[in-house]
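Report on the following structure.
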Amino acid sequence: MDLSFLTLGVVGASLALYLFIAVRARALGTRDFYVAGGKVPALLNGMATAADWMSAASFISLAGVIAFGGFDASVYLVGWTGGYVLLAVLLAPYLRKCGTLTVPSFLGERYGSPAARALAVLCVLLVSGVYAAGQMHGVGIVFSRFLGVDLTTGVLLGMLVVMITAGVGGMKAVTYTQVAQYSVVVVAYTVPAAFLAFSLTGVPVPQLAFGAEVTAPGPGHGLYLLDALDTVLQDLGFAAYTRPGRSTLDLVAVVLALMVGTASLPHILVRFFTVPSVRDARRSVGWTLIFIALLYTTVPAVGAMARYTLTTTIQQGTIGDPQANLSYAARPDWFRHWERTGLLVVEDRNGDGRIQYYNDRDPIMQRRAEHLGWRGNELTRIDPDILVLATPEIAGLPDWVGALVAAGAVAAALSTASGLLMVMASALSHDLLKGVWFPALSDRAEIRAGRLATLGAVIGAGLLGLHPPGAVAEVVALAFGLSAATLFPALVFGVFAPSMNRQGIVAGMTVGLVFTVGYLLIFKGVVMAPLRENSAAHWLLGISPEGIGSVGMLLNTTVALVVARLTPSPPEALRRKVRDLRTPRAIGTPSTRWRGVP
Amino acid sequence: MNDPSGTAAAHWRATLRLVTVCLGVWAGVALGCSVIFAEQLDAIELGGFRLGFWFAQQGSMVLFVLVVFFHAWGMNEIDRAFDVDED
């Protein structure tokens with residue numbers, strides 16, 4: 001993409017705003033540094049968590065993934081939002097009550113075991129590390145695409161910004177910059193979506209346009225958008241948009257792994273340590289989900305609208321009518337623009353000067369196409385990512401909207417990266433350094449160590465981001481399976497099963513970790529060549545690597561329960577600690593509700 | 001156990017009941033309506049949506065928000081009833 005001064009100006013201004021907020025809200029003590037002093041209001045924490053959650057992948061790629069995946073891609077929407085119900089009901093309020101500063105220290109304290117704490121540090125570093133590598137790579141891609149710099153410069157620039165917010169400002173600065181970043185993200189996403197919805201259906205609300213009739217001229221005119229999409233796609237030999245294609249067991253396993261993984265992601269959990277009370281923790285998950293759903297209900301609408309627009313831009317009328325296919329010479333500007341980036345490639349195979357887009361692997365369509373003189377699908381490459389990025393151009397919006405989308409993508413990537421780095425840094429400085437090696441560390445020394453750890457985490461994630469082990473989306477999917485199979489059972493047992501002991505939890509986490517990492521290595525390779533072909537025929541019970549975290553979680557749970565039965569039950573002091581988590585105020589202690597009453 | 005009046009046990013029983021209800025709705029929506037029974041629900045049409053597809057790409061998220069706020073409200077009521085709330 002061309003370097004546009006407008007884009008540069010808008011992105012630059014947003015970066016300046018984040019840095020300004022970060023410096024103003026910098027941390028002064030360890031509680032500030034790790035949990036923003038525990039004083040973040042529920043609603044603001046909801047915004048910050050939503051920004052923390054929505055990564056560059058959510059912003060740029062998700063709509064494209066849904067546009068080309070149809071019904072099957074719903075697993076991401078359901079999985080990534082349903083996890084917050086588990087978080088609200090099973091974890092957030094109880095972890096807030098415990099009052100520790102990090103996830104590993106909660107486990108260490110609950111099970112009275114430095115070994116559990118150290119193992120949790122390993123899991124946190126693995127989960128957040130692979131996730132952060134994906135984000136840093138995303139930051140690099142976003143900067144390079146919008147600002148015209150190369151990927152390395154992009155990653156370095158991203159590292160610098162994240163380093164300043166997280167390293168100098170700690171959790172407090174990260175929180176308030178995330179609030180600003182959320183606002184940028186949501187405006188940047190919904191404004192172009194609303195315009196696209198309006199031009200296609202006459203309804204300016206994407207969520208409603210999704211179920212409205214198409215009013216724009218074209219083959220689907222007068223039909224409901226989804227029916228039009230199904231018809232247009234099936235006519236061209238593609239699978240119906242609204243029908244499932246994968247096996248139900250696999251879909252269930254994937255949804256479950258994504259939900260459980262989401263509920264136990266350390267950088268999300270720790271955000272609920274920053275609110276003032278248990279009650280705020282419960283409410284704050286609700287706010288988070290509202291802010292996420294605002295975007296996540298728009299995403300599938302954008303996916304469907306973009307797929308419909310793309311398809312009907314090329315196939316404008318009845319199949320077989322030569323006039324119905326897009327003439328290459330008369331292609332719209334956004335088409336030319338994205339062709340120049342190489343993310344959209346057209347090849348006129350039959351030399352008729354027109355473009356044919358159809359599924360040339362469908363036997364019925366193949367025969368029909370041959371009959372019509374078509375020589376294969378001519379839209380040979382379409383990167384799903386461009387669907388969101390091209391929305392403003394497709395809807396014919398002014399340049400500043402494009403600049404806003406760029407700023408939104410940068411905000412989405414930076415907010416997630418800074419949240420992840422905070423979690424890794426605190427696992428290193430608070431749990432490993434102070435918790436395991438130097439319990440006598442002073443507050444000031446700990447913060448200094450925390451800042452150093454952030455620097456280390458930034459450099460590590462940046463290096464991994466420059467050379468990601470596999471595609472970004474695959475690497476990130478790994479993180480969910482890992483946290484589902486390791487942290488989730490340990491955390492839930494920690495609250496709901498006073499009789500669960502440290503032996504059970506350590507054994508369960510180890511088995512979950514080894515099983516899940518092993519399965520992923522076998523099919524995905526990541527650091528080596530995959531040992532077996534990644535296809536349904538080879539999978540265990542037909543469950544894809546994306547869904548294997550569910551099996552890992554069940555294994556972890558079973559092993560933990562069996563080992564806990566065979567080993568001595570935890571001491572009464574620990575059981576009492578678990579029971580204390582369950583009531584926001586201890587039983588029998590006086591209420592302060594009548595404070596001020598004579 | 002240091003709970004002579006049984007308040008802690010009763011409070012926890014009430015909590016678990018609420019948790020069960022919330023997780024029941026959650027599982028029904030997330031796994032039932034959106035995945036397992038999506039094709040059957042698709043027979044019902046709601047404006048421009050087939051119901052199963054709507055659950056999978058819109059409705060599930062709306063219901064999740066409602067479940068989380070219902071849980072927050074219910075837990076606050078329980079805490080107040082057993083006099084263990086924060087204020």
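Each chain in the structure tokens gets a letter, A, B, ..., in the order shown, and its residues are numbered from 1; ligands are numbered from 1 in order too.
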Practice prompt. Provide as a ChimeraX atom specification the residues of chain A at most 8 Å from chain B, counting only C-alpha atoms.
Written response: /A:71,74-75,77-79,81-82,84-86,88-90,207,210-213,224-227,242-244,248,251-252,255,277-279,282-283,285-286,289-290,293,297,300,582-587,591-593
Close residues, Ala407 (chain A) itself excluded, 7 Å, only C-alpha atoms, min 2 positions apart in chain, as an mmCIF file with N, CA and C atoms, in the first residue's frame:
```cif
data_model
loop_
_atom_site.group_PDB
_atom_site.id
_atom_site.type_symbol
_atom_site.label_atom_id
_atom_site.label_comp_id
_atom_site.auth_asym_id
_atom_site.auth_seq_id
_atom_site.Cartn_x
_atom_site.Cartn_y
_atom_site.Cartn_z
ATOM 1 N N VAL A 10 -2.750 9.974 11.294
ATOM 2 C CA VAL A 10 -3.742 9.425 12.227
ATOM 3 C C VAL A 10 -3.095 8.377 13.139
ATOM 4 N N VAL A 11 -2.301 7.453 12.553
ATOM 5 C CA VAL A 11 -1.643 6.436 13.373
ATOM 6 C C VAL A 11 -0.663 7.097 14.339
ATOM 7 N N SER A 14 -2.438 8.658 17.224
ATOM 8 C CA SER A 14 -2.943 7.692 18.198
ATOM 9 C C SER A 14 -1.787 7.155 19.054
ATOM 10 N N ALA A 403 -7.605 5.522 7.026
ATOM 11 C CA ALA A 403 -6.581 5.847 8.021
ATOM 12 C C ALA A 403 -7.030 5.410 9.409
ATOM 13 N N LEU A 404 -8.327 5.579 9.681
ATOM 14 C CA LEU A 404 -8.885 5.178 10.971
ATOM 15 C C LEU A 404 -8.778 3.661 11.142
ATOM 16 N N VAL A 405 -9.065 2.907 10.076
ATOM 17 C CA VAL A 405 -8.952 1.450 10.136
ATOM 18 C C VAL A 405 -7.514 1.051 10.444
ATOM 19 N N ALA A 409 -6.308 -1.148 13.670
ATOM 20 C CA ALA A 409 -5.528 -2.382 13.627
ATOM 21 C C ALA A 409 -4.287 -2.266 14.498
ATOM 22 N N VAL A 410 -3.632 -1.103 14.459
ATOM 23 C CA VAL A 410 -2.440 -0.886 15.297
ATOM 24 C C VAL A 410 -2.831 -0.960 16.777
ATOM 25 N N ALA A 411 -3.950 -0.319 17.131
ATOM 26 C CA ALA A 411 -4.400 -0.322 18.531
ATOM 27 C C ALA A 411 -4.696 -1.743 18.993
#
```
Worksheet item: Which polymer residues have any atom within 12 Å of an atom of His337 (chain A), counting only C-alpha atoms, with same-chain residues fewer than 2 positions away left out, as a PyMOL selection string?
Response: chain A and resi 1-2+331-335+339-345+386+389-390+393-394
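Minimum atom-to-atom distance to Val185 (chain A), evaluated using only C-alpha atoms, belongs to A:Gly408 out of A:Gly588, A:Pro571, A:Gly508, A:Gly408.
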Item to complete: If you run DSSP over the backbone, which residues in region 88-274 of chain A end up helix (DSSP H, G or I)? Put them as a ChimeraX atom specification.
Response: /A:88-98,103-111,114-147,151-201,206-209,225-235,248-263,266-273
How would the residues just chosen look if you wrote them out with C-alpha atoms as a tab-separated table (two decimals), in the first residue's frame?
```
chain	number	residue	atom	x	y	z
A	88	ALA	CA	-17.42	-15.01	35.38
A	89	VAL	CA	-19.05	-18.01	37.04
A	90	LEU	CA	-16.08	-20.18	37.98
A	91	LEU	CA	-12.97	-18.03	38.32
A	92	ALA	CA	-12.84	-14.22	38.28
A	93	PRO	CA	-14.65	-13.40	41.56
A	94	TYR	CA	-12.83	-16.08	43.55
A	95	LEU	CA	-9.39	-15.20	42.24
A	96	ARG	CA	-10.11	-11.54	43.04
A	97	LYS	CA	-11.10	-12.54	46.59
A	98	CYS	CA	-7.80	-14.36	47.04
A	103	VAL	CA	-2.02	-16.37	38.43
A	104	PRO	CA	0.95	-18.55	39.50
A	105	SER	CA	0.97	-16.98	42.96
A	106	PHE	CA	-2.73	-17.83	43.33
A	107	LEU	CA	-1.96	-21.49	42.57
A	108	GLY	CA	1.12	-21.45	44.82
A	109	GLU	CA	-0.85	-20.05	47.73
A	110	ARG	CA	-3.95	-22.21	47.24
A	111	TYR	CA	-2.02	-25.49	47.03
A	114	PRO	CA	6.23	-23.71	45.29
A	115	ALA	CA	6.38	-26.57	42.74
A	116	ALA	CA	2.81	-25.84	41.56
A	117	ARG	CA	3.75	-22.17	41.37
A	118	ALA	CA	6.88	-22.86	39.31
A	119	LEU	CA	4.99	-25.20	36.97
A	120	ALA	CA	2.33	-22.51	36.55
A	121	VAL	CA	5.07	-20.00	35.66
A	122	LEU	CA	6.20	-22.37	32.91
A	123	CYS	CA	2.63	-22.71	31.59
A	124	VAL	CA	2.06	-18.93	31.72
A	125	LEU	CA	5.29	-18.24	29.86
A	126	LEU	CA	4.46	-20.86	27.20
A	127	VAL	CA	0.85	-19.76	26.70
A	128	SER	CA	1.56	-16.02	26.73
A	129	GLY	CA	4.84	-16.40	24.86
A	130	VAL	CA	3.37	-18.11	21.80
A	131	TYR	CA	0.44	-15.71	21.90
A	132	ALA	CA	2.77	-12.69	22.14
A	133	ALA	CA	4.93	-13.93	19.28
A	134	GLY	CA	1.82	-13.95	17.10
A	135	GLN	CA	0.93	-10.42	18.26
A	136	MET	CA	4.39	-8.97	17.64
A	137	HIS	CA	4.32	-10.47	14.17
A	138	GLY	CA	0.86	-8.92	13.73
A	139	VAL	CA	2.15	-5.53	14.91
A	140	GLY	CA	4.94	-5.80	12.34
A	141	ILE	CA	2.53	-6.68	9.54
A	142	VAL	CA	0.16	-3.85	10.44
A	143	PHE	CA	2.93	-1.24	10.63
A	144	SER	CA	4.54	-2.44	7.42
A	145	ARG	CA	1.27	-2.52	5.52
A	146	PHE	CA	0.03	0.88	6.63
A	147	LEU	CA	3.18	2.87	7.12
A	151	LEU	CA	8.48	-5.98	8.61
A	152	THR	CA	11.59	-5.74	10.81
A	153	THR	CA	11.21	-1.98	11.30
A	154	GLY	CA	7.54	-2.56	12.00
A	155	VAL	CA	8.25	-5.14	14.71
A	156	LEU	CA	10.95	-2.92	16.25
A	157	LEU	CA	8.61	0.09	16.33
A	158	GLY	CA	5.92	-2.04	17.97
A	159	MET	CA	8.43	-3.35	20.54
A	160	LEU	CA	9.41	0.21	21.44
A	161	VAL	CA	5.84	1.40	22.02
A	162	VAL	CA	4.92	-1.69	24.06
A	163	MET	CA	8.13	-1.42	26.05
A	164	ILE	CA	7.35	2.15	27.07
A	165	THR	CA	3.74	1.44	28.10
A	166	ALA	CA	4.31	-1.86	29.90
A	167	GLY	CA	7.88	-1.39	31.14
A	168	VAL	CA	7.70	2.17	32.43
A	169	GLY	CA	4.04	2.35	33.29
A	170	GLY	CA	3.27	-1.18	34.45
A	171	MET	CA	-0.29	-2.48	34.68
A	172	LYS	CA	-1.68	0.92	35.57
A	173	ALA	CA	-0.44	2.52	32.35
A	174	VAL	CA	-1.36	-0.57	30.32
A	175	THR	CA	-4.93	-0.39	31.67
A	176	TYR	CA	-5.56	3.22	30.75
A	177	THR	CA	-3.90	2.98	27.33
A	178	GLN	CA	-6.04	-0.09	26.66
A	179	VAL	CA	-9.17	1.93	27.42
A	180	ALA	CA	-8.11	4.45	24.77
A	181	GLN	CA	-7.16	1.64	22.39
A	182	TYR	CA	-10.55	-0.02	22.77
A	183	SER	CA	-12.29	3.19	21.77
A	184	VAL	CA	-10.15	3.48	18.65
A	185	VAL	CA	-10.68	-0.19	17.76
A	186	VAL	CA	-14.45	-0.16	18.06
A	187	VAL	CA	-14.96	3.07	16.11
A	188	ALA	CA	-12.54	1.97	13.40
A	189	TYR	CA	-14.37	-1.32	12.97
A	190	THR	CA	-18.00	-0.30	13.18
A	191	VAL	CA	-17.97	2.90	11.09
A	192	PRO	CA	-16.99	1.26	7.77
A	193	ALA	CA	-19.20	-1.75	8.61
A	194	ALA	CA	-22.22	0.50	9.09
A	195	PHE	CA	-21.64	2.20	5.74
A	196	LEU	CA	-21.21	-1.14	3.97
A	197	ALA	CA	-24.43	-2.41	5.61
A	198	PHE	CA	-26.28	0.69	4.50
A	199	SER	CA	-25.12	0.52	0.90
A	200	LEU	CA	-26.02	-3.16	0.64
A	201	THR	CA	-29.33	-3.35	2.51
A	206	PRO	CA	-24.55	-4.34	10.60
A	207	GLN	CA	-26.18	-6.80	13.04
A	208	LEU	CA	-29.61	-6.08	11.51
A	209	ALA	CA	-28.39	-5.81	7.92
A	225	LEU	CA	-28.74	-11.37	2.53
A	226	LEU	CA	-27.99	-14.88	3.85
A	227	ASP	CA	-30.34	-16.59	1.38
A	228	ALA	CA	-28.82	-14.53	-1.42
A	229	LEU	CA	-25.34	-15.55	-0.28
A	230	ASP	CA	-26.26	-19.25	-0.11
A	231	THR	CA	-27.83	-19.12	-3.58
A	232	VAL	CA	-25.02	-17.18	-5.24
A	233	LEU	CA	-22.32	-19.41	-3.72
A	234	GLN	CA	-24.06	-22.72	-4.43
A	235	ASP	CA	-24.73	-21.67	-8.04
A	248	THR	CA	-20.18	-32.28	15.02
A	249	LEU	CA	-17.78	-33.95	17.49
A	250	ASP	CA	-14.87	-31.92	16.12
A	251	LEU	CA	-16.89	-28.69	16.23
A	252	VAL	CA	-17.88	-29.40	19.85
A	253	ALA	CA	-14.26	-30.15	20.80
A	254	VAL	CA	-13.01	-26.96	19.15
A	255	VAL	CA	-15.69	-24.75	20.75
A	256	LEU	CA	-15.01	-26.30	24.16
A	257	ALA	CA	-11.22	-25.91	23.87
A	258	LEU	CA	-11.57	-22.28	22.80
A	259	MET	CA	-14.01	-21.49	25.64
A	260	VAL	CA	-11.99	-23.18	28.36
A	261	GLY	CA	-8.77	-21.77	26.93
A	262	THR	CA	-10.24	-18.27	26.93
A	263	ALA	CA	-11.39	-18.55	30.53
A	266	PRO	CA	-3.41	-15.53	32.15
A	267	HIS	CA	-3.45	-12.06	30.57
A	268	ILE	CA	-7.26	-12.03	30.73
A	269	LEU	CA	-7.53	-13.50	34.26
A	270	VAL	CA	-5.11	-11.00	35.71
A	271	ARG	CA	-7.22	-8.09	34.48
A	272	PHE	CA	-9.84	-9.06	37.07
A	273	PHE	CA	-7.24	-8.70	39.84
```
Discussion item. Report, in Å to a single decimal, how far apart CA of Ala51 (chain A) and CA of Tyr308 (chain A) are.
Written reply: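 Answer for the CA of Tyr308 (chain A) to CA of Ala51 (chain A) separation: 29.0 Å.
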Practice prompt. Output as a list in words all residues of region 2-74 of chain B that backbone DSSP marks as strand (DSSP E).
Written response: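 Checking each residue of region 2-74 of chain B, the strand (DSSP E) ones are Glu45, Leu46, Phe49 and Arg50 of chain B.
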Practice prompt. Name the residues in contact with region 310-315 of chain A at a cut-off of 8 Å, using only C-alpha atoms, excluding same-chain residues fewer than 3 positions from it; report them as number ranges by chain.
Written response: A: 218-219, 232-233, 306-307, 318-319, 324-326, 355-357
Could you write out that same residue set with N, CA and C atoms as a PDB file, in the first residue's frame?
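Ended up saving to selection02.pdb:
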```pdb
ATOM      1  N   GLY A 218     -28.120  -6.388  -8.207  1.00  0.00           N
ATOM      2  CA  GLY A 218     -27.245  -7.553  -8.323  1.00  0.00           C
ATOM      3  C   GLY A 218     -28.067  -8.812  -8.282  1.00  0.00           C
ATOM      4  N   PRO A 219     -27.424  -9.976  -8.370  1.00  0.00           N
ATOM      5  CA  PRO A 219     -28.172 -11.232  -8.457  1.00  0.00           C
ATOM      6  C   PRO A 219     -29.013 -11.530  -7.218  1.00  0.00           C
ATOM      7  N   VAL A 232     -26.109 -17.611  -4.355  1.00  0.00           N
ATOM      8  CA  VAL A 232     -25.024 -17.185  -5.237  1.00  0.00           C
ATOM      9  C   VAL A 232     -23.842 -18.151  -5.135  1.00  0.00           C
ATOM     10  N   LEU A 233     -23.486 -18.537  -3.904  1.00  0.00           N
ATOM     11  CA  LEU A 233     -22.317 -19.407  -3.721  1.00  0.00           C
ATOM     12  C   LEU A 233     -22.577 -20.808  -4.266  1.00  0.00           C
ATOM     13  N   ALA A 306     -19.082  -8.869   2.997  1.00  0.00           N
ATOM     14  CA  ALA A 306     -17.894  -8.788   2.152  1.00  0.00           C
ATOM     15  C   ALA A 306     -17.857  -9.956   1.158  1.00  0.00           C
ATOM     16  N   ARG A 307     -18.228 -11.169   1.631  1.00  0.00           N
ATOM     17  CA  ARG A 307     -18.219 -12.316   0.718  1.00  0.00           C
ATOM     18  C   ARG A 307     -19.250 -12.119  -0.395  1.00  0.00           C
ATOM     19  N   THR A 318     -26.742 -13.857 -14.276  1.00  0.00           N
ATOM     20  CA  THR A 318     -26.927 -15.280 -14.552  1.00  0.00           C
ATOM     21  C   THR A 318     -25.635 -15.916 -15.057  1.00  0.00           C
ATOM     22  N   ILE A 319     -25.332 -17.107 -14.501  1.00  0.00           N
ATOM     23  CA  ILE A 319     -24.156 -17.827 -14.975  1.00  0.00           C
ATOM     24  C   ILE A 319     -24.389 -18.262 -16.419  1.00  0.00           C
ATOM     25  N   ALA A 324     -22.389 -11.193 -17.823  1.00  0.00           N
ATOM     26  CA  ALA A 324     -22.586 -11.213 -16.365  1.00  0.00           C
ATOM     27  C   ALA A 324     -21.272 -11.281 -15.603  1.00  0.00           C
ATOM     28  N   ASN A 325     -20.177 -11.571 -16.290  1.00  0.00           N
ATOM     29  CA  ASN A 325     -18.902 -11.636 -15.572  1.00  0.00           C
ATOM     30  C   ASN A 325     -18.157 -10.305 -15.663  1.00  0.00           C
ATOM     31  N   LEU A 326     -17.486  -9.953 -14.555  1.00  0.00           N
ATOM     32  CA  LEU A 326     -16.779  -8.678 -14.458  1.00  0.00           C
ATOM     33  C   LEU A 326     -15.743  -8.569 -15.578  1.00  0.00           C
ATOM     34  N   ILE A 355     -13.601 -11.963 -15.824  1.00  0.00           N
ATOM     35  CA  ILE A 355     -13.143 -12.787 -14.704  1.00  0.00           C
ATOM     36  C   ILE A 355     -14.216 -13.797 -14.324  1.00  0.00           C
ATOM     37  N   GLN A 356     -13.827 -15.069 -14.148  1.00  0.00           N
ATOM     38  CA  GLN A 356     -14.747 -16.081 -13.638  1.00  0.00           C
ATOM     39  C   GLN A 356     -14.264 -16.549 -12.264  1.00  0.00           C
ATOM     40  N   TYR A 357     -15.155 -16.472 -11.292  1.00  0.00           N
ATOM     41  CA  TYR A 357     -14.835 -16.911  -9.928  1.00  0.00           C
ATOM     42  C   TYR A 357     -15.811 -18.024  -9.580  1.00  0.00           C
TER      43      TYR A 357
END
```
Discussion item. Between A:Leu482, A:Met422, A:Ala36, A:Ala27, which residue has the minimum interatomic distance to Gly549 (chain A), considering only C-alpha atoms?
Written reply: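 Distance minimum relative to Gly549 (chain A) lands on A:Leu482.
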Worksheet item: Which neighbours of Arg368 (chain A) fall inside 12 Å, counting only C-alpha atoms, when residues of the same chain fewer than 6 positions from it are skipped, and could you give them as a list in words?
Response: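 Close residues of Arg368 (chain A): Asp235, Leu236, Gly237, Ile319, Gly320, Tyr358, Asn359, Asp360, Arg361, Asp362, Trp374, Arg375 and Gly376 of chain A.
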Written file, previous selection with C-alpha atoms, as a PDB file, in the first residue's frame:
```pdb
ATOM      1  CA  ASP A 235     -24.725 -21.673  -8.036  1.00  0.00           C
ATOM      2  CA  LEU A 236     -20.968 -21.281  -8.415  1.00  0.00           C
ATOM      3  CA  GLY A 237     -20.259 -24.699  -6.892  1.00  0.00           C
ATOM      4  CA  ILE A 319     -24.156 -17.827 -14.975  1.00  0.00           C
ATOM      5  CA  GLY A 320     -23.549 -18.414 -18.660  1.00  0.00           C
ATOM      6  CA  TYR A 358     -16.188 -20.392  -9.128  1.00  0.00           C
ATOM      7  CA  ASN A 359     -15.282 -23.620  -7.366  1.00  0.00           C
ATOM      8  CA  ASP A 360     -13.364 -25.526 -10.032  1.00  0.00           C
ATOM      9  CA  ARG A 361     -13.014 -28.582  -7.771  1.00  0.00           C
ATOM     10  CA  ASP A 362     -16.762 -29.212  -7.681  1.00  0.00           C
ATOM     11  CA  TRP A 374     -14.351 -21.367 -18.656  1.00  0.00           C
ATOM     12  CA  ARG A 375     -10.842 -22.660 -18.000  1.00  0.00           C
ATOM     13  CA  GLY A 376     -10.764 -22.756 -14.222  1.00  0.00           C
TER      14      GLY A 376
END
```
Worksheet item: By how many Å are CA of Gly24 (chain B) and CA of Ala81 (chain B) apart?
Response: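 So the two atoms, CA of Gly24 (chain B) and CA of Ala81 (chain B), lie 23.7 Å apart.
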Discussion item. Between CA of Gln503 (chain A) and CA of Ala560 (chain A), what distance in Å does the model show, to one decimal?
Written reply: 7.8 Å
